[in-house]
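K.L.:
This one is run17.pdb, PDB, C-alpha atoms.
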```pdb
ATOM      1  CA  MET A   1      90.977  44.292 -16.028
ATOM      2  CA  THR A   2      88.264  42.977 -13.685
ATOM      3  CA  SER A   3      87.905  40.511 -10.857
ATOM      4  CA  ARG A   4      85.210  38.021  -9.985
ATOM      5  CA  PHE A   5      83.585  37.375  -6.611
ATOM      6  CA  THR A   6      84.362  33.654  -6.338
ATOM      7  CA  GLU A   7      84.224  32.636  -2.669
ATOM      8  CA  LEU A   8      82.938  33.891   0.645
ATOM      9  CA  VAL A   9      85.190  32.579   3.420
ATOM     10  CA  VAL A  10      83.894  31.939   6.929
ATOM     11  CA  ASP A  11      86.332  31.391   9.807
ATOM     12  CA  CYS A  12      85.029  28.718  12.158
ATOM     13  CA  ARG A  13      85.940  26.062  14.688
ATOM     14  CA  ASP A  14      84.285  23.122  12.889
ATOM     15  CA  PRO A  15      84.238  23.416   9.072
ATOM     16  CA  GLU A  16      82.482  20.066   8.584
ATOM     17  CA  ARG A  17      79.622  20.994  10.924
ATOM     18  CA  LEU A  18      79.059  24.432   9.397
ATOM     19  CA  ALA A  19      79.349  23.099   5.847
ATOM     20  CA  ALA A  20      76.714  20.458   6.629
ATOM     21  CA  PHE A  21      74.424  23.104   8.149
ATOM     22  CA  TRP A  22      74.735  25.483   5.193
ATOM     23  CA  CYS A  23      74.386  22.643   2.660
ATOM     24  CA  ALA A  24      71.040  21.818   4.291
ATOM     25  CA  VAL A  25      69.990  25.484   4.370
ATOM     26  CA  LEU A  26      70.902  26.279   0.754
ATOM     27  CA  ASP A  27      70.671  22.857  -0.930
ATOM     28  CA  PHE A  28      74.392  23.108  -1.731
ATOM     29  CA  LYS A  29      76.851  20.246  -2.072
ATOM     30  CA  VAL A  30      80.409  19.843  -0.815
ATOM     31  CA  ILE A  31      82.657  20.539  -3.790
ATOM     32  CA  ASP A  32      86.059  20.425  -2.092
ATOM     33  CA  ARG A  33      87.519  19.534   1.255
ATOM     34  CA  SER A  34      90.969  19.327   2.752
ATOM     35  CA  GLU A  35      92.484  19.495   6.214
ATOM     36  CA  GLY A  36      90.663  22.285   8.066
ATOM     37  CA  LYS A  37      88.679  23.497   5.030
ATOM     38  CA  VAL A  38      85.374  22.642   3.362
ATOM     39  CA  GLU A  39      84.013  24.407   0.270
ATOM     40  CA  ILE A  40      80.343  24.173  -0.707
ATOM     41  CA  GLY A  41      78.390  25.487  -3.651
ATOM     42  CA  SER A  42      75.482  25.118  -6.004
ATOM     43  CA  TRP A  43      77.849  24.270  -8.845
ATOM     44  CA  VAL A  44      81.381  23.009  -9.387
ATOM     45  CA  PRO A  45      83.342  26.017 -10.624
ATOM     46  CA  THR A  46      85.778  25.807 -13.491
ATOM     47  CA  VAL A  47      88.283  28.532 -14.289
ATOM     48  CA  GLU A  48      86.877  28.865 -17.808
ATOM     49  CA  GLU A  49      83.277  29.442 -16.609
ATOM     50  CA  VAL A  50      84.337  31.965 -13.982
ATOM     51  CA  ARG A  51      86.465  33.883 -16.474
ATOM     52  CA  ALA A  52      83.616  33.918 -19.014
ATOM     53  CA  ARG A  53      80.965  35.395 -16.719
ATOM     54  CA  GLN A  54      79.999  36.162 -13.139
ATOM     55  CA  MET A  55      78.957  32.936 -11.430
ATOM     56  CA  PRO A  56      77.410  32.292  -8.014
ATOM     57  CA  PRO A  57      80.161  32.329  -5.373
ATOM     58  CA  THR A  58      80.924  29.327  -3.221
ATOM     59  CA  LEU A  59      81.182  29.278   0.576
ATOM     60  CA  GLN A  60      84.417  28.149   2.208
ATOM     61  CA  PHE A  61      84.640  27.234   5.868
ATOM     62  CA  ILE A  62      88.171  27.537   7.235
ATOM     63  CA  GLN A  63      89.158  26.216  10.647
ATOM     64  CA  VAL A  64      90.618  28.781  13.047
ATOM     65  CA  PRO A  65      91.504  28.365  16.722
ATOM     66  CA  GLU A  66      89.521  31.298  18.102
ATOM     67  CA  GLY A  67      85.747  31.482  18.453
ATOM     68  CA  LYS A  68      83.421  34.249  17.292
ATOM     69  CA  THR A  69      83.334  37.159  19.750
ATOM     70  CA  VAL A  70      81.397  40.067  18.174
ATOM     71  CA  LYS A  71      78.533  40.726  15.762
ATOM     72  CA  ASN A  72      79.348  39.960  12.127
ATOM     73  CA  ARG A  73      80.359  42.854   9.902
ATOM     74  CA  LEU A  74      79.135  40.853   6.902
ATOM     75  CA  HIS A  75      76.207  38.435   6.835
ATOM     76  CA  LEU A  76      74.136  36.353   4.462
ATOM     77  CA  ASP A  77      70.478  36.969   3.643
ATOM     78  CA  VAL A  78      68.418  33.952   2.605
ATOM     79  CA  SER A  79      64.926  33.925   1.099
ATOM     80  CA  PRO A  80      62.668  30.879   1.211
ATOM     81  CA  ILE A  81      61.542  29.786  -2.263
ATOM     82  CA  ASP A  82      58.831  27.213  -1.564
ATOM     83  CA  GLY A  83      57.253  28.123   1.767
ATOM     84  CA  SER A  84      56.571  30.983   4.125
ATOM     85  CA  THR A  85      59.233  32.872   6.026
ATOM     86  CA  GLU A  86      57.802  31.437   9.260
ATOM     87  CA  ASP A  87      58.019  27.860   7.908
ATOM     88  CA  GLU A  88      61.633  28.456   6.882
ATOM     89  CA  VAL A  89      62.536  29.808  10.325
ATOM     90  CA  THR A  90      61.039  26.661  11.861
ATOM     91  CA  ARG A  91      63.064  24.454   9.471
ATOM     92  CA  LEU A  92      66.286  26.330  10.221
ATOM     93  CA  LEU A  93      65.715  26.061  13.973
ATOM     94  CA  ALA A  94      65.414  22.280  13.526
ATOM     95  CA  LEU A  95      68.749  22.299  11.633
ATOM     96  CA  GLY A  96      70.524  23.979  14.564
ATOM     97  CA  ALA A  97      70.066  27.708  13.942
ATOM     98  CA  THR A  98      68.898  30.051  16.678
ATOM     99  CA  THR A  99      67.053  33.351  16.572
ATOM    100  CA  THR A 100      69.080  36.287  17.800
ATOM    101  CA  ASP A 101      68.757  39.972  18.550
ATOM    102  CA  VAL A 102      71.287  42.363  17.046
ATOM    103  CA  GLY A 103      69.165  45.424  17.771
ATOM    104  CA  GLN A 104      66.900  44.992  14.754
ATOM    105  CA  GLY A 105      63.679  45.790  16.648
ATOM    106  CA  SER A 106      60.369  43.956  16.453
ATOM    107  CA  ASP A 107      58.848  45.863  13.525
ATOM    108  CA  ARG A 108      61.027  44.212  10.856
ATOM    109  CA  ASN A 109      59.792  41.859   8.140
ATOM    110  CA  TRP A 110      62.867  39.639   8.359
ATOM    111  CA  VAL A 111      64.154  37.320  11.073
ATOM    112  CA  VAL A 112      67.725  37.502  12.353
ATOM    113  CA  MET A 113      69.175  34.072  13.077
ATOM    114  CA  ALA A 114      72.574  32.580  13.885
ATOM    115  CA  ASP A 115      74.171  29.419  12.531
ATOM    116  CA  PRO A 116      75.529  26.764  14.931
ATOM    117  CA  GLU A 117      78.713  28.816  15.539
ATOM    118  CA  GLY A 118      76.861  32.088  16.114
ATOM    119  CA  ASN A 119      77.298  33.720  12.693
ATOM    120  CA  GLU A 120      74.296  35.953  12.094
ATOM    121  CA  PHE A 121      72.170  35.728   8.950
ATOM    122  CA  ASP A 122      68.754  37.040   7.941
ATOM    123  CA  VAL A 123      65.734  35.131   6.708
ATOM    124  CA  MET A 124      64.025  37.540   4.338
ATOM    125  CA  ARG A 125      60.530  37.547   2.849
ATOM    126  CA  THR A 126      59.482  34.452   0.994
ATOM    127  CA  LEU A 127      59.873  34.176  -2.771
ATOM    128  CA  ALA A 128      57.270  31.390  -2.951
ATOM    129  CA  PRO A 129      54.437  31.984  -5.414
TER     130      PRO A 129
END
```
In structure tokens, how does this file's structure come out?
P.N.:
Amino acid sequence: MTSRFTELVVDCRDPERLAAFWCAVLDFKVIDRSEGKVEIGSWVPTVEEVRARQMPPTLQFIQVPEGKTVKNRLHLDVSPIDGSTEDEVTRLLALGATTTDVGQGSDRNWVVMADPEGNEFDVMRTLAP
């Protein structure tokens, strides 16, 4: 018996806003939405495909009443695929991200950022040729 990693759920105040931000960051599409919930992904999952093999997980944004208060215990890492890390940081800032300090120091080769609700994520080295 095994399980599959199918969704990563993010509590937030505004699921539509965060889904739009992360769709722009990752080139994902909205694949499901309902009252207080938006799910995005790079593919539309079917039960049969997920049961057959490990597939990329989706992101779900669930509305909660409280705001974020402490550093994330879990975060996403993203890697630019067609530009430099610096160019990607500039693009993400224009989308509404901010740079943030979680004690990472200045000698790191990644950039710590936060999405519009303050959830930290890292921009890693570029994968561009």
K.L.:
Quick one: of A:Ala24, A:Leu127, A:Cys12, A:Met113, who's nearest to Leu76 in chain A, counting only C-alpha atoms?
P.N.:
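Ranked by minimum distance to Leu76 in chain A, first place goes to A:Met113.
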K.L.:
Mind giving me the straight-line distance from CA of Arg108 in chain A to CA of Thr126 in chain A in Å, one decimal?
P.N.:
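These two atoms are separated by 14.0 Å.
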K.L.:
Have a look at A:Gly118, A:Gly41, A:Pro80, A:Gly96 and name the one nearest to Arg13 in chain A; count all atoms listed in the file.
P.N.:
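Checking each of A:Gly118, A:Gly41, A:Pro80, A:Gly96 against Arg13 in chain A, counting all atoms listed in the file, the winner is A:Gly118.
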K.L.:
Written as a short mmCIF file (atom, residue, chain, number, x, y, z; two decimals) with C-alpha atoms, keeping the file's coordinate frame, what is the full residue list that the PyMOL selection byres ((chain A and resi 56-58) around 7) yields on the file shown?
P.N.:
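As written to disk, part.cif reads:
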```
data_model
loop_
_atom_site.label_atom_id
_atom_site.label_comp_id
_atom_site.auth_asym_id
_atom_site.auth_seq_id
_atom_site.Cartn_x
_atom_site.Cartn_y
_atom_site.Cartn_z
CA PHE A 5 83.58 37.38 -6.61
CA THR A 6 84.36 33.65 -6.34
CA GLU A 7 84.22 32.64 -2.67
CA LEU A 8 82.94 33.89 0.64
CA GLU A 39 84.01 24.41 0.27
CA ILE A 40 80.34 24.17 -0.71
CA GLY A 41 78.39 25.49 -3.65
CA GLN A 54 80.00 36.16 -13.14
CA MET A 55 78.96 32.94 -11.43
CA LEU A 59 81.18 29.28 0.58
CA GLN A 60 84.42 28.15 2.21
#
```
K.L.:
Identify all residues satisfying the PyMOL selection byres ((chain A and resi 36) around 7) in the given file; provide them as a ChimeraX atom specification.
P.N.:
/A:15,34-35,37,62-63
K.L.:
Could you put an axis-aligned box around every listed atom of range 116-126 of chain A, padded by 5 Å on each side, and send me its centre and edge lengths in Å to one decimal, as AutoDock Vina command-line options?
P.N.:
```
--center_x 69.1 --center_y 32.2 --center_z 8.6 --size_x 29.2 --size_y 20.8 --size_z 25.1
```
K.L.:
Using the chain letters and numbers from the file, which residues does the PyMOL selection byres ((chain A and resi 125) around 7) grab, as JSON, numbers by chain?
P.N.:
{"A": [79, 85, 109, 110, 123, 124, 126, 127]}
K.L.:
Using C-alpha atoms, can you export the residues from the last selection as a tab-separated table (two decimals), in the frame of the given file?
P.N.:
```
chain	number	residue	atom	x	y	z
A	79	SER	CA	64.93	33.92	1.10
A	85	THR	CA	59.23	32.87	6.03
A	109	ASN	CA	59.79	41.86	8.14
A	110	TRP	CA	62.87	39.64	8.36
A	123	VAL	CA	65.73	35.13	6.71
A	124	MET	CA	64.03	37.54	4.34
A	126	THR	CA	59.48	34.45	0.99
A	127	LEU	CA	59.87	34.18	-2.77
```
K.L.:
Calculated over all atoms listed in the file, which of the candidates A:Val50, A:Val102, A:Leu93, A:Val111 has the smallest distance to Asp77 in chain A?
P.N.:
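Ranking A:Val50, A:Val102, A:Leu93, A:Val111 by distance to Asp77 in chain A, first place goes to A:Val111.
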K.L.:
Quick one: of A:Ala128, A:Ile31, A:Val112, A:Val89, who's nearest to Thr46 in chain A, counting all atoms listed in the file?
P.N.:
A:Ile31
K.L.:
Please determine, counting all atoms listed in the file, which residue among A:Ala114, A:Cys23, A:Val30, A:Leu18 has the shortest atom-to-atom distance to His75 in chain A.
P.N.:
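Distance minimum relative to His75 in chain A lands on A:Ala114.
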K.L.:
Determine the nearest neighbour of Asp115 in chain A from the options A:Arg51, A:Arg73, A:Lys29, A:Lys68, counting all atoms listed in the file.
P.N.:
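Between A:Arg51, A:Arg73, A:Lys29, A:Lys68, the residue approaching Asp115 in chain A most closely is A:Lys68.
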K.L.:
Quick one: distance from CA of Glu49 in chain A to CA of Phe61 in chain A in Å, one decimal?
P.N.:
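Atom-to-atom, CA of Glu49 in chain A and CA of Phe61 in chain A are spaced 22.6 Å apart.
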K.L.:
Separation of CA of Ala94 in chain A and CA of Asp82 in chain A, in Å?
P.N.:
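Between CA of Ala94 in chain A and CA of Asp82 in chain A the gap is 17.2 Å.
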K.L.:
Could you please fill out range 46-57 of chain A with all heavy atoms and send it back as a compact mmCIF listing (two decimals), keeping the file's coordinate frame?
P.N.:
```txt
# COMPACT_ATOMS: atom_id res chain seq x y z
N THR A 46 84.59 26.01 -12.67
CA THR A 46 85.78 25.81 -13.49
C THR A 46 86.35 27.18 -13.80
O THR A 46 85.62 28.18 -13.85
CB THR A 46 85.47 25.09 -14.82
OG1 THR A 46 84.65 25.94 -15.62
CG2 THR A 46 84.76 23.76 -14.58
N VAL A 47 87.63 27.26 -13.99
CA VAL A 47 88.28 28.53 -14.29
C VAL A 47 87.68 29.16 -15.54
O VAL A 47 87.41 30.36 -15.60
CB VAL A 47 89.81 28.34 -14.44
CG1 VAL A 47 90.47 29.59 -14.98
CG2 VAL A 47 90.43 27.92 -13.12
N GLU A 48 87.41 28.35 -16.55
CA GLU A 48 86.88 28.86 -17.81
C GLU A 48 85.51 29.52 -17.61
O GLU A 48 85.24 30.60 -18.15
CB GLU A 48 86.78 27.74 -18.85
CG GLU A 48 88.11 27.19 -19.30
CD GLU A 48 88.77 26.25 -18.28
OE1 GLU A 48 88.08 25.70 -17.39
OE2 GLU A 48 90.00 26.09 -18.35
N GLU A 49 84.61 28.87 -16.84
CA GLU A 49 83.28 29.44 -16.61
C GLU A 49 83.36 30.74 -15.81
O GLU A 49 82.67 31.72 -16.13
CB GLU A 49 82.39 28.45 -15.86
CG GLU A 49 81.95 27.27 -16.70
CD GLU A 49 81.15 26.28 -15.88
OE1 GLU A 49 81.57 25.95 -14.75
OE2 GLU A 49 80.11 25.84 -16.38
N VAL A 50 84.20 30.76 -14.80
CA VAL A 50 84.34 31.96 -13.98
C VAL A 50 84.92 33.11 -14.80
O VAL A 50 84.47 34.25 -14.70
CB VAL A 50 85.20 31.68 -12.73
CG1 VAL A 50 85.52 32.97 -11.98
CG2 VAL A 50 84.49 30.69 -11.81
N ARG A 51 85.88 32.82 -15.64
CA ARG A 51 86.46 33.88 -16.47
C ARG A 51 85.46 34.40 -17.50
O ARG A 51 85.47 35.58 -17.85
CB ARG A 51 87.71 33.37 -17.18
CG ARG A 51 88.88 33.21 -16.20
CD ARG A 51 90.10 32.64 -16.84
NE ARG A 51 90.61 33.55 -17.85
CZ ARG A 51 91.57 33.23 -18.70
NH1 ARG A 51 92.12 32.03 -18.65
NH2 ARG A 51 91.99 34.09 -19.58
N ALA A 52 84.57 33.54 -17.98
CA ALA A 52 83.62 33.92 -19.01
C ALA A 52 82.50 34.82 -18.50
O ALA A 52 82.02 35.69 -19.21
CB ALA A 52 83.02 32.67 -19.65
N ARG A 53 82.08 34.59 -17.24
CA ARG A 53 80.96 35.40 -16.72
C ARG A 53 80.92 35.28 -15.20
O ARG A 53 81.50 34.39 -14.61
CB ARG A 53 79.63 34.95 -17.32
CG ARG A 53 79.24 33.52 -16.96
CD ARG A 53 78.05 33.09 -17.80
NE ARG A 53 77.56 31.79 -17.44
CZ ARG A 53 78.13 30.63 -17.74
NH1 ARG A 53 79.25 30.61 -18.42
NH2 ARG A 53 77.60 29.50 -17.38
N GLN A 54 80.18 36.20 -14.59
CA GLN A 54 80.00 36.16 -13.14
C GLN A 54 79.16 34.95 -12.77
O GLN A 54 78.09 34.74 -13.34
CB GLN A 54 79.31 37.44 -12.67
CG GLN A 54 79.23 37.58 -11.17
CD GLN A 54 80.57 37.81 -10.52
OE1 GLN A 54 81.37 38.58 -11.00
NE2 GLN A 54 80.81 37.14 -9.42
N MET A 55 79.64 34.15 -11.86
CA MET A 55 78.96 32.94 -11.43
C MET A 55 78.64 33.04 -9.94
O MET A 55 79.27 33.81 -9.23
CB MET A 55 79.85 31.72 -11.68
CG MET A 55 80.31 31.55 -13.12
SD MET A 55 78.97 31.17 -14.26
CE MET A 55 78.65 29.48 -13.82
N PRO A 56 77.68 32.26 -9.46
CA PRO A 56 77.41 32.29 -8.01
C PRO A 56 78.66 31.91 -7.22
O PRO A 56 79.33 30.94 -7.54
CB PRO A 56 76.32 31.24 -7.82
CG PRO A 56 75.74 31.01 -9.18
CD PRO A 56 76.83 31.31 -10.17
N PRO A 57 78.98 32.67 -6.18
CA PRO A 57 80.16 32.33 -5.37
C PRO A 57 79.92 31.08 -4.54
O PRO A 57 78.78 30.70 -4.27
CB PRO A 57 80.35 33.55 -4.48
CG PRO A 57 79.04 34.22 -4.44
CD PRO A 57 78.34 33.90 -5.73
```
